[in-house]
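Structure file upload.txt (compact mmCIF, C-alpha atoms and all ligand atoms) is printed below.
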```txt
# COMPACT_ATOMS: atom_id res chain seq x y z
CA MET E 1 90.48 86.64 119.22
CA ILE E 2 90.90 89.70 117.00
CA LEU E 3 87.88 91.52 115.58
CA VAL E 4 88.69 92.79 112.08
CA THR E 5 86.15 95.32 110.81
CA GLY E 6 86.08 95.70 107.02
CA GLY E 7 88.24 92.58 106.80
CA LEU E 8 86.95 91.56 103.37
CA GLY E 9 88.13 94.81 101.75
CA TYR E 10 91.39 95.39 99.91
CA ILE E 11 93.76 96.12 102.80
CA GLY E 12 91.68 94.15 105.31
CA SER E 13 91.86 90.89 103.34
CA HIS E 14 95.66 91.05 103.06
CA THR E 15 95.95 91.90 106.74
CA CYS E 16 93.63 89.03 107.73
CA VAL E 17 95.98 86.62 105.96
CA ALA E 18 99.01 88.15 107.69
CA LEU E 19 97.31 88.08 111.12
CA ALA E 20 96.10 84.50 110.64
CA GLN E 21 99.58 83.40 109.58
CA ALA E 22 100.98 85.12 112.68
CA GLY E 23 98.74 82.86 114.77
CA TYR E 24 95.80 85.14 115.58
CA ARG E 25 92.22 83.84 115.51
CA LEU E 26 89.90 86.23 113.69
CA ILE E 27 86.29 87.31 113.56
CA ILE E 28 85.64 89.53 110.55
CA VAL E 29 82.70 91.94 110.46
CA ASP E 30 81.90 93.47 107.08
CA ASN E 31 78.68 94.81 105.56
CA LEU E 32 79.92 93.98 102.00
CA CYS E 33 79.17 97.52 100.79
CA ASN E 34 82.53 97.52 98.99
CA SER E 35 83.60 93.88 98.96
CA LYS E 36 82.41 90.46 97.87
CA PRO E 37 81.56 87.41 100.01
CA SER E 38 83.94 85.24 97.97
CA VAL E 39 86.92 87.09 99.48
CA LEU E 40 86.38 85.08 102.66
CA GLY E 41 87.06 81.78 100.90
CA ARG E 42 90.25 83.18 99.40
CA ILE E 43 91.50 84.37 102.79
CA ARG E 44 90.78 80.95 104.29
CA GLU E 45 92.53 79.29 101.36
CA LEU E 46 95.70 81.33 102.08
CA ALA E 47 95.59 80.56 105.81
CA PRO E 48 94.08 77.06 105.86
CA ASP E 49 94.94 76.22 109.47
CA ALA E 50 93.59 79.41 111.00
CA THR E 51 90.27 80.11 112.72
CA ILE E 52 88.58 82.81 110.64
CA GLU E 53 84.95 83.53 111.38
CA PHE E 54 82.74 85.97 109.53
CA ARG E 55 79.68 88.03 110.39
CA HIS E 56 77.83 89.97 107.69
CA ALA E 57 76.87 93.13 109.57
CA ASP E 58 77.09 96.89 109.52
CA LEU E 59 79.04 98.51 112.35
CA ARG E 60 76.16 100.91 112.94
CA ASP E 61 73.86 97.97 113.66
CA ARG E 62 74.36 98.05 117.42
CA ALA E 63 72.43 94.84 118.10
CA ALA E 64 74.52 92.89 115.59
CA LEU E 65 77.75 94.30 116.99
CA GLU E 66 76.65 93.48 120.53
CA SER E 67 76.03 89.87 119.56
CA VAL E 68 79.50 89.62 118.00
CA PHE E 69 81.14 90.91 121.19
CA ALA E 70 78.92 88.71 123.36
CA ALA E 71 79.77 85.56 121.39
CA HIS E 72 83.56 85.99 121.12
CA ALA E 73 86.35 86.68 123.58
CA ILE E 74 87.73 89.66 121.67
CA GLY E 75 91.15 90.85 122.79
CA ALA E 76 91.71 93.65 120.25
CA VAL E 77 90.18 95.28 117.19
CA VAL E 78 91.74 96.09 113.82
CA HIS E 79 89.41 98.69 112.33
CA PHE E 80 89.34 99.04 108.53
CA ALA E 81 85.60 99.46 107.92
CA GLY E 82 84.93 102.79 106.29
CA LEU E 83 84.13 104.53 103.04
CA LYS E 84 87.18 105.93 101.28
CA ALA E 85 86.36 107.78 98.04
CA VAL E 86 87.39 111.43 98.39
CA GLY E 87 85.16 112.65 95.54
CA GLU E 88 82.12 110.77 96.80
CA SER E 89 82.67 112.20 100.28
CA VAL E 90 82.35 115.72 98.84
CA GLU E 91 79.01 114.76 97.29
CA LYS E 92 77.70 112.75 100.25
CA PRO E 93 79.23 114.15 103.43
CA LEU E 94 76.44 112.87 105.69
CA LEU E 95 76.96 109.33 104.45
CA TYR E 96 80.69 109.58 105.21
CA TRP E 97 80.25 111.09 108.67
CA ASP E 98 77.56 108.58 109.55
CA ASN E 99 79.39 105.53 108.22
CA ASN E 100 82.95 106.36 109.26
CA VAL E 101 82.45 108.32 112.47
CA GLY E 102 79.07 106.84 113.45
CA GLY E 103 80.36 103.32 112.80
CA THR E 104 83.45 103.97 114.93
CA ILE E 105 81.38 105.35 117.82
CA ALA E 106 79.18 102.24 117.78
CA LEU E 107 82.34 100.12 117.74
CA LEU E 108 83.96 102.01 120.64
CA GLU E 109 80.75 101.72 122.68
CA ALA E 110 80.69 97.96 122.19
CA MET E 111 84.39 97.75 123.05
CA GLN E 112 83.77 99.72 126.24
CA ARG E 113 80.83 97.53 127.28
CA HIS E 114 82.98 94.45 126.84
CA GLY E 115 86.23 95.80 128.30
CA VAL E 116 88.16 95.68 125.00
CA ARG E 117 90.89 98.30 125.16
CA ARG E 118 93.14 97.79 122.13
CA ILE E 119 92.48 99.09 118.63
CA VAL E 120 94.51 99.52 115.44
CA PHE E 121 92.92 102.16 113.20
CA SER E 122 93.26 102.74 109.44
CA SER E 123 94.02 106.41 109.15
CA SER E 124 95.35 108.11 106.07
CA ALA E 125 97.94 110.57 104.81
CA THR E 126 94.98 112.72 103.73
CA VAL E 127 94.77 114.00 107.33
CA TYR E 128 97.78 116.24 106.61
CA GLY E 129 96.34 118.33 103.77
CA ALA E 130 98.50 120.73 101.76
CA PRO E 131 102.14 120.09 102.71
CA GLU E 132 103.97 122.79 104.64
CA TYR E 133 107.08 120.65 104.24
CA LEU E 134 107.93 117.22 102.88
CA PRO E 135 108.21 114.46 103.74
CA TYR E 136 105.26 114.65 106.12
CA ARG E 137 106.26 113.90 109.70
CA GLU E 138 103.55 112.87 112.16
CA GLU E 139 103.61 116.29 113.84
CA HIS E 140 102.87 118.09 110.54
CA PRO E 141 99.73 120.30 110.90
CA LEU E 142 96.51 118.39 110.26
CA ARG E 143 94.25 120.13 107.76
CA PRO E 144 92.40 117.54 105.70
CA GLU E 145 90.73 119.00 102.64
CA SER E 146 87.81 116.63 102.13
CA PRO E 147 84.96 115.26 104.25
CA TYR E 148 86.66 111.85 103.94
CA GLY E 149 89.92 113.18 105.38
CA ARG E 150 88.06 115.02 108.15
CA THR E 151 86.30 111.81 109.22
CA LYS E 152 89.74 110.17 109.57
CA LEU E 153 91.07 113.05 111.65
CA VAL E 154 87.99 113.12 113.90
CA ILE E 155 88.33 109.37 114.53
CA GLU E 156 91.98 109.88 115.51
CA GLN E 157 90.81 112.54 117.97
CA LEU E 158 88.04 110.28 119.25
CA LEU E 159 90.59 107.56 120.01
CA ALA E 160 92.81 110.04 121.83
CA ASP E 161 89.83 111.24 123.89
CA GLN E 162 88.84 107.70 124.71
CA SER E 163 92.34 106.88 125.92
CA GLY E 164 92.28 110.13 127.94
CA SER E 165 89.20 108.87 129.77
CA ASP E 166 90.58 105.37 130.34
CA PRO E 167 94.31 105.00 130.92
CA ASP E 168 94.16 101.33 129.91
CA PHE E 169 92.68 102.09 126.50
CA ARG E 170 95.43 102.03 123.84
CA TYR E 171 95.39 102.61 120.10
CA THR E 172 97.62 102.80 117.09
CA CYS E 173 96.62 105.13 114.27
CA LEU E 174 98.34 104.04 111.09
CA ARG E 175 98.45 106.77 108.46
CA TYR E 176 98.67 104.88 105.20
CA PHE E 177 100.20 106.43 102.13
CA ASN E 178 99.26 104.84 98.76
CA PRO E 179 98.77 101.09 99.00
CA ILE E 180 99.07 99.14 95.76
CA GLY E 181 99.97 95.59 94.70
CA ALA E 182 98.39 92.33 95.72
CA HIS E 183 99.14 89.07 97.52
CA PRO E 184 101.93 87.22 95.64
CA SER E 185 99.64 84.19 95.18
CA GLY E 186 97.36 86.24 92.91
CA ARG E 187 94.36 85.06 94.98
CA ILE E 188 93.49 88.36 96.67
CA GLY E 189 93.91 91.91 95.42
CA GLU E 190 92.17 95.22 94.81
CA ASP E 191 88.77 94.89 93.13
CA PRO E 192 87.20 98.35 92.83
CA ARG E 193 83.61 98.69 91.69
CA GLY E 194 83.09 100.43 88.33
CA ILE E 195 85.78 102.68 86.91
CA PRO E 196 88.72 102.74 89.34
CA ASN E 197 89.56 105.97 91.17
CA ASN E 198 93.16 105.05 91.82
CA LEU E 199 96.11 104.84 89.47
CA PHE E 200 97.02 101.21 89.83
CA PRO E 201 93.75 99.35 89.24
CA TYR E 202 93.20 101.73 86.30
CA LEU E 203 96.64 100.94 84.90
CA THR E 204 96.26 97.17 85.18
CA GLN E 205 92.77 97.29 83.63
CA VAL E 206 94.11 99.30 80.66
CA ALA E 207 96.96 96.81 80.25
CA SER E 208 94.49 93.92 80.22
CA GLY E 209 92.31 95.64 77.60
CA ARG E 210 89.34 96.20 79.91
CA LEU E 211 89.77 99.99 79.73
CA ALA E 212 91.04 101.84 76.65
CA LYS E 213 93.51 104.42 77.94
CA LEU E 214 94.97 105.56 81.23
CA ARG E 215 94.10 109.14 82.07
CA VAL E 216 96.95 110.93 83.81
CA PHE E 217 95.56 113.89 85.74
CA GLY E 218 97.94 116.81 85.23
CA ASN E 219 101.39 117.02 83.65
CA ASP E 220 102.13 120.58 84.76
CA TYR E 221 102.77 120.02 88.45
CA PRO E 222 106.04 121.36 89.90
CA THR E 223 107.54 117.85 89.97
CA PRO E 224 110.50 116.49 87.92
CA ASP E 225 108.30 115.16 85.09
CA GLY E 226 105.18 117.26 85.76
CA THR E 227 103.00 114.39 87.01
CA GLY E 228 101.86 113.84 90.60
CA VAL E 229 104.21 112.18 93.07
CA ARG E 230 103.00 109.71 95.71
CA ASP E 231 104.48 107.29 98.22
CA TYR E 232 103.31 103.91 96.87
CA ILE E 233 103.52 101.10 99.38
CA HIS E 234 103.03 97.39 98.76
CA VAL E 235 99.84 96.13 100.44
CA MET E 236 101.85 93.18 101.84
CA ASP E 237 104.15 95.60 103.67
CA LEU E 238 101.09 97.44 104.95
CA ALA E 239 99.55 94.16 106.15
CA ALA E 240 102.77 93.31 108.00
CA GLY E 241 102.61 96.78 109.60
CA HIS E 242 99.30 95.83 111.24
CA VAL E 243 100.75 92.69 112.80
CA THR E 244 103.58 94.82 114.19
CA ALA E 245 101.13 97.46 115.45
CA LEU E 246 99.04 94.85 117.23
CA ARG E 247 102.12 93.39 118.93
CA TYR E 248 103.13 96.89 119.97
CA LEU E 249 99.76 97.32 121.72
CA GLU E 250 100.19 93.97 123.45
CA GLU E 251 103.70 94.72 124.65
CA ARG E 252 103.90 98.46 125.25
CA GLU E 253 101.95 100.68 127.62
CA ARG E 254 101.28 103.44 125.16
CA SER E 255 99.40 104.54 122.07
CA ILE E 256 101.06 105.65 118.86
CA THR E 257 100.24 107.41 115.59
CA ALA E 258 102.59 106.54 112.74
CA ASN E 259 103.00 106.96 109.01
CA LEU E 260 103.11 103.75 107.00
CA GLY E 261 104.89 104.60 103.77
CA THR E 262 108.18 103.78 102.09
CA GLY E 263 109.68 107.20 102.67
CA SER E 264 110.10 108.07 99.00
CA GLY E 265 107.89 109.38 96.25
CA LEU E 266 107.34 108.13 92.70
CA SER E 267 105.69 110.04 89.88
CA VAL E 268 102.78 108.69 87.85
CA LEU E 269 105.04 108.43 84.80
CA GLN E 270 107.71 106.53 86.75
CA VAL E 271 105.06 104.02 87.81
CA VAL E 272 103.62 103.69 84.29
CA THR E 273 107.12 103.20 82.83
CA ALA E 274 108.09 100.57 85.40
CA PHE E 275 104.83 98.72 84.85
CA ALA E 276 105.19 98.79 81.03
CA ARG E 277 108.75 97.46 81.32
CA LEU E 278 107.55 94.65 83.54
CA ILE E 279 104.76 93.49 81.25
CA GLY E 280 106.94 94.01 78.16
CA ARG E 281 104.74 96.48 76.27
CA GLU E 282 103.53 100.06 76.28
CA VAL E 283 100.39 101.05 78.17
CA PRO E 284 98.40 103.74 76.33
CA TYR E 285 97.88 106.91 78.34
CA GLU E 286 96.83 110.50 77.83
CA PHE E 287 97.28 113.65 79.85
CA VAL E 288 94.09 115.31 81.06
CA SER E 289 93.65 118.31 83.33
CA ARG E 290 94.42 118.18 87.04
CA ARG E 291 91.77 116.79 89.36
CA ALA E 292 90.32 119.35 91.77
CA GLY E 293 91.84 118.99 95.21
CA ASP E 294 94.83 116.83 94.16
CA ILE E 295 98.16 117.70 95.77
CA ALA E 296 101.25 117.85 93.50
CA ALA E 297 103.48 115.64 95.59
CA PHE E 298 103.66 114.01 98.98
CA TRP E 299 105.49 111.19 100.66
CA ALA E 300 106.09 109.94 104.17
CA ASP E 301 108.81 110.36 106.68
CA ALA E 302 108.71 106.70 107.71
CA SER E 303 111.31 106.94 110.46
CA LEU E 304 108.91 106.92 113.43
CA ALA E 305 107.45 103.54 112.43
CA ALA E 306 110.98 102.19 111.98
CA ARG E 307 112.14 103.50 115.34
CA GLU E 308 109.08 102.78 117.48
CA LEU E 309 107.43 99.83 115.80
CA GLY E 310 110.51 98.28 114.21
CA TRP E 311 108.64 98.22 110.89
CA ARG E 312 109.81 99.34 107.49
CA ALA E 313 108.59 98.71 103.95
CA GLU E 314 110.65 96.07 102.24
CA LEU E 315 109.11 95.61 98.81
CA GLY E 316 109.83 97.84 95.84
CA LEU E 317 108.02 99.12 92.78
CA ASP E 318 108.82 96.04 90.69
CA ASP E 319 107.22 93.80 93.35
CA MET E 320 104.15 96.05 93.42
CA CYS E 321 103.84 95.95 89.61
CA ARG E 322 104.44 92.20 89.36
CA ASP E 323 101.95 91.28 92.07
CA ALA E 324 99.26 93.69 90.86
CA TRP E 325 99.65 92.31 87.33
CA ARG E 326 99.45 88.71 88.51
CA TRP E 327 96.24 89.51 90.38
CA GLN E 328 94.78 91.24 87.31
CA THR E 329 95.68 88.48 84.85
CA GLN E 330 94.49 85.67 87.13
CA ASN E 331 91.26 87.52 87.97
CA PRO E 332 90.37 89.61 84.91
CA ASP E 333 86.91 90.35 86.32
CA GLY E 334 88.03 90.71 89.93
CA TYR E 335 86.24 88.49 92.44
CA ALA E 336 83.53 86.73 90.48
N1 LIG B 1 93.14 102.12 99.96
C1 LIG B 1 93.70 103.26 100.26
O1 LIG B 1 94.29 103.92 99.40
C2 LIG B 1 93.64 103.80 101.69
C3 LIG B 1 94.52 104.82 102.06
C4 LIG B 1 94.44 105.32 103.36
C5 LIG B 1 93.50 104.82 104.25
N2 LIG B 1 92.66 103.83 103.86
C6 LIG B 1 91.66 103.33 104.82
O2 LIG B 1 91.88 101.95 105.03
C7 LIG B 1 90.64 101.28 105.26
C8 LIG B 1 90.54 100.11 104.32
O3 LIG B 1 90.69 100.57 102.98
P1 LIG B 1 90.50 99.61 101.74
O4 LIG B 1 91.26 100.22 100.61
O5 LIG B 1 90.76 98.23 102.13
O6 LIG B 1 88.95 99.85 101.46
P2 LIG B 1 87.82 98.79 101.07
O7 LIG B 1 86.62 99.57 100.66
O8 LIG B 1 88.36 97.78 100.12
O9 LIG B 1 87.53 98.05 102.47
C9 LIG B 1 86.67 98.58 103.44
C10 LIG B 1 85.73 97.47 103.88
O10 LIG B 1 84.88 97.96 104.91
C11 LIG B 1 83.55 97.54 104.65
N3 LIG B 1 82.68 98.54 105.30
C12 LIG B 1 82.54 99.86 104.99
N4 LIG B 1 81.67 100.45 105.84
C13 LIG B 1 81.25 99.48 106.70
C14 LIG B 1 80.35 99.47 107.82
N5 LIG B 1 79.68 100.56 108.19
N6 LIG B 1 80.15 98.30 108.48
C15 LIG B 1 80.81 97.17 108.10
N7 LIG B 1 81.67 97.13 107.06
C16 LIG B 1 81.89 98.28 106.37
C17 LIG B 1 83.44 97.47 103.14
O11 LIG B 1 82.44 96.57 102.69
C18 LIG B 1 84.84 96.97 102.75
O12 LIG B 1 84.89 95.56 102.70
C19 LIG B 1 89.56 102.33 105.07
O13 LIG B 1 89.17 102.79 106.34
C20 LIG B 1 90.24 103.42 104.29
O14 LIG B 1 89.69 104.69 104.55
C21 LIG B 1 92.71 103.31 102.59
```

Now that the file is in, can you turn its structure into structure tokens?
Ligand SMILES: NC(=O)c1ccc[n+]([C@@H]2O[C@H](COP(=O)([O-])OP(=O)(O)OC[C@H]3O[C@@H](n4cnc5c(N)ncnc54)[C@H](O)[C@@H]3O)[C@@H](O)[C@H]2O)c1
Amino acid sequence: MILVTGGLGYIGSHTCVALAQAGYRLIIVDNLCNSKPSVLGRIRELAPDATIEFRHADLRDRAALESVFAAHAIGAVVHFAGLKAVGESVEKPLLYWDNNVGGTIALLEAMQRHGVRRIVFSSSATVYGAPEYLPYREEHPLRPESPYGRTKLVIEQLLADQSGSDPDFRYTCLRYFNPIGAHPSGRIGEDPRGIPNNLFPYLTQVASGRLAKLRVFGNDYPTPDGTGVRDYIHVMDLAAGHVTALRYLEERERSITANLGTGSGLSVLQVVTAFARLIGREVPYEFVSRRAGDIAAFWADASLAARELGWRAELGLDDMCRDAWRWQTQNPDGYA
């Protein structure tokens, strides 16, 4: 059985469906701090034949975690649970260190007690910091610029230390670039609380009339059209990457840290234009000043994942736009 922490969140829910469809039995642990209980029903609906259990618990609740490990024969962990808002992490660093790092330590302790030695971890491209060169390769210097990014880097180091102490302990750190899109059924997708932080949920909510105008942060970056450039990756490709990473841990005697991106960058205006073309009308937007701490452009060198894991992103921008729009139109208020 696979323990999926944070499995009711955006990336976790898509990955649970992919894992269940690949034949894995799942136990999801989530404290619902950034997700809704109804996600579970949607996951089960998309993988009706699978065993998918759920425990409402916080990773830092050691007694609850112990009872999950005691009650299930867990073979590996896929670890999504964490807080992820860069701006909030600047305001509340203790919360981020406690939740992300503290939660991971409690998880690793439980794994150790129960002899579980395989973990796939959700890391992030934010561990790189200001680019010395692009695309980022995995050996690029690691200088995250926010408390959030530093918690991700410290967890990567923690996993390396743990595997140093126990040669049988193996991990994959997956450094995600910018996941967008939704499941093609329109049943699961990204449902941020309040005003979205990220481009895509903002864009789809403007297009549906829920928000008035998209704010584009900065049009004076040294990029072809002046707006920020990111490596957007379809959440379905990302989910498939986790199935591949888990198989890698089962089959190979080593740990790995790999970028999960498409390998190319798209500007905010390219994304807005593609999305408007797809829905057949303009989406109102305005330029506002740059956001503190934002990097002009970054994208992944995705060749390590292709070479070592045999994984590459297959879906393009039109798929991302179409699936995100289907999710938005079928669920105008997100998960009810
Ligand atoms: N979405 C992105 O752009 C992105 C990019 C890079 C990395 N990541 C990382 O991927 C992971 C998943 O991201 P997401 O976009 O799905 O986020 P999300 O907020 O949708 O999902 C995270 C889930 O973890 C749960 N959770 C948080 N803290 C918990 C705790 N202490 N105990 C139990 N459950 C807890 C939340 O309720 C939520 O369901 C996160 O670790 C995030 O840092 C996300």

Note to self: Residues near stretch 316-322 of chain E, anyone? I mean within 6 Å using only C-alpha atoms, not counting same-chain ones fewer than 2 positions away, as a list in words.
What the structure shows: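 Answer for this query is Gly181, His234, Phe275, Ala324 and Trp325 of chain E.
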
Using C-alpha atoms, can you export the residues from the last selection as a PDB file, in the coordinates of the input?
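Printed below is part_33.pdb as written:
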```
ATOM      1  CA  GLY E 181      99.970  95.590  94.700  1.00  0.00           C
ATOM      2  CA  HIS E 234     103.030  97.390  98.760  1.00  0.00           C
ATOM      3  CA  PHE E 275     104.830  98.720  84.850  1.00  0.00           C
ATOM      4  CA  ALA E 324      99.260  93.690  90.860  1.00  0.00           C
ATOM      5  CA  TRP E 325      99.650  92.310  87.330  1.00  0.00           C
TER       6      TRP E 325
END
```

Distance query 10 Å from (104.4, 92.5, 107.5) using all atoms listed in the file, result as a PDB file with C-alpha atoms, in the frame of the given file:
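File produced: result_38.pdb:
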```
ATOM      1  CA  HIS E  14      95.660  91.050 103.060  1.00  0.00           C
ATOM      2  CA  THR E  15      95.950  91.900 106.740  1.00  0.00           C
ATOM      3  CA  ALA E  18      99.010  88.150 107.690  1.00  0.00           C
ATOM      4  CA  LEU E  19      97.310  88.080 111.120  1.00  0.00           C
ATOM      5  CA  ALA E  22     100.980  85.120 112.680  1.00  0.00           C
ATOM      6  CA  VAL E 235      99.840  96.130 100.440  1.00  0.00           C
ATOM      7  CA  MET E 236     101.850  93.180 101.840  1.00  0.00           C
ATOM      8  CA  ASP E 237     104.150  95.600 103.670  1.00  0.00           C
ATOM      9  CA  LEU E 238     101.090  97.440 104.950  1.00  0.00           C
ATOM     10  CA  ALA E 239      99.550  94.160 106.150  1.00  0.00           C
ATOM     11  CA  ALA E 240     102.770  93.310 108.000  1.00  0.00           C
ATOM     12  CA  GLY E 241     102.610  96.780 109.600  1.00  0.00           C
ATOM     13  CA  HIS E 242      99.300  95.830 111.240  1.00  0.00           C
ATOM     14  CA  VAL E 243     100.750  92.690 112.800  1.00  0.00           C
ATOM     15  CA  THR E 244     103.580  94.820 114.190  1.00  0.00           C
ATOM     16  CA  ALA E 245     101.130  97.460 115.450  1.00  0.00           C
ATOM     17  CA  TRP E 311     108.640  98.220 110.890  1.00  0.00           C
ATOM     18  CA  ARG E 312     109.810  99.340 107.490  1.00  0.00           C
ATOM     19  CA  ALA E 313     108.590  98.710 103.950  1.00  0.00           C
ATOM     20  CA  GLU E 314     110.650  96.070 102.240  1.00  0.00           C
TER      21      GLU E 314
END
```

Item checked: Ref. answer, residues at most 9 Å from (82.8, 105.1, 108.6) with only C-alpha atoms, as a PyMOL selection string -> chain E and resi 59-60+80-84+95-104+151-152

Checklist line | Spatial neighbours of stretch 161-177 of chain E, 9 Å, all atoms listed in the file, chain gap at least 2 places, as a ChimeraX atom specification | finding: /E:108,116-127,138,156-159,179,230-233,238,241-242,245-246,248-249,253-262,298-300

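A straight line drawn from atom CA of E:Glu145 to atom O9 of ligand LIG 1 (chain B) is 21.2 Å long.
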
Would you compute the box with edges along x, y and z of the file around stretch 222-238 of chain E, including every atom the file lists for it and 5 Å extra on each side, and give its centre and edge lengths in Å to one decimal, as JSON?
```
{"center_x": 105.2, "center_y": 107.3, "center_z": 95.0, "size_x": 20.7, "size_y": 38.2, "size_z": 29.9}
```

Checklist line | For ligand LIG 1 (chain B), the nearest of the candidates E:Glu88, E:Glu53, E:Asp61, E:Glu109, counting all atoms listed in the file | finding: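 Residue with the minimum atom-to-atom distance to ligand LIG 1 (chain B): E:Asp61.
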
Note to self: Rounded to one decimal, what separation in Å do you get between atom CA of E:Leu107 and atom C10 of ligand LIG 1 (chain B)?
What the structure shows: 14.5 Å

Notebook entry, point to check: Looking at E:Ile74, E:Leu199, E:Ile43, E:Ile27, which one is nearest to E:Arg55, with distances taken over only C-alpha atoms?
Noted result: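 When distances to E:Arg55 are compared using only C-alpha atoms, the smallest one comes from E:Ile27.
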
Next item on the list: Select, from E:Val4, E:Val216, E:Ala207, E:Leu315, the residue with the minimum atom-to-atom distance to ligand LIG 1 (chain B), counting only C-alpha atoms and all ligand atoms.
Entry: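 Going through E:Val4, E:Val216, E:Ala207, E:Leu315 one by one, the smallest distance to ligand LIG 1 (chain B) is for E:Val4.
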
Item checked: Nearby residues (only C-alpha atoms) at most 10 Å from E:Leu32, same-chain spacing under 6 positions excluded, as a PyMOL selection string -> chain E and resi 6-9+56-58+81

Margin query: Given only C-alpha atoms as the basis, pick out the residue of E:Arg137, E:Leu309, E:Glu91, E:Gly218 nearest to E:Glu251.
Written below: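 Ranking E:Arg137, E:Leu309, E:Glu91, E:Gly218 by distance to E:Glu251, first place goes to E:Leu309.
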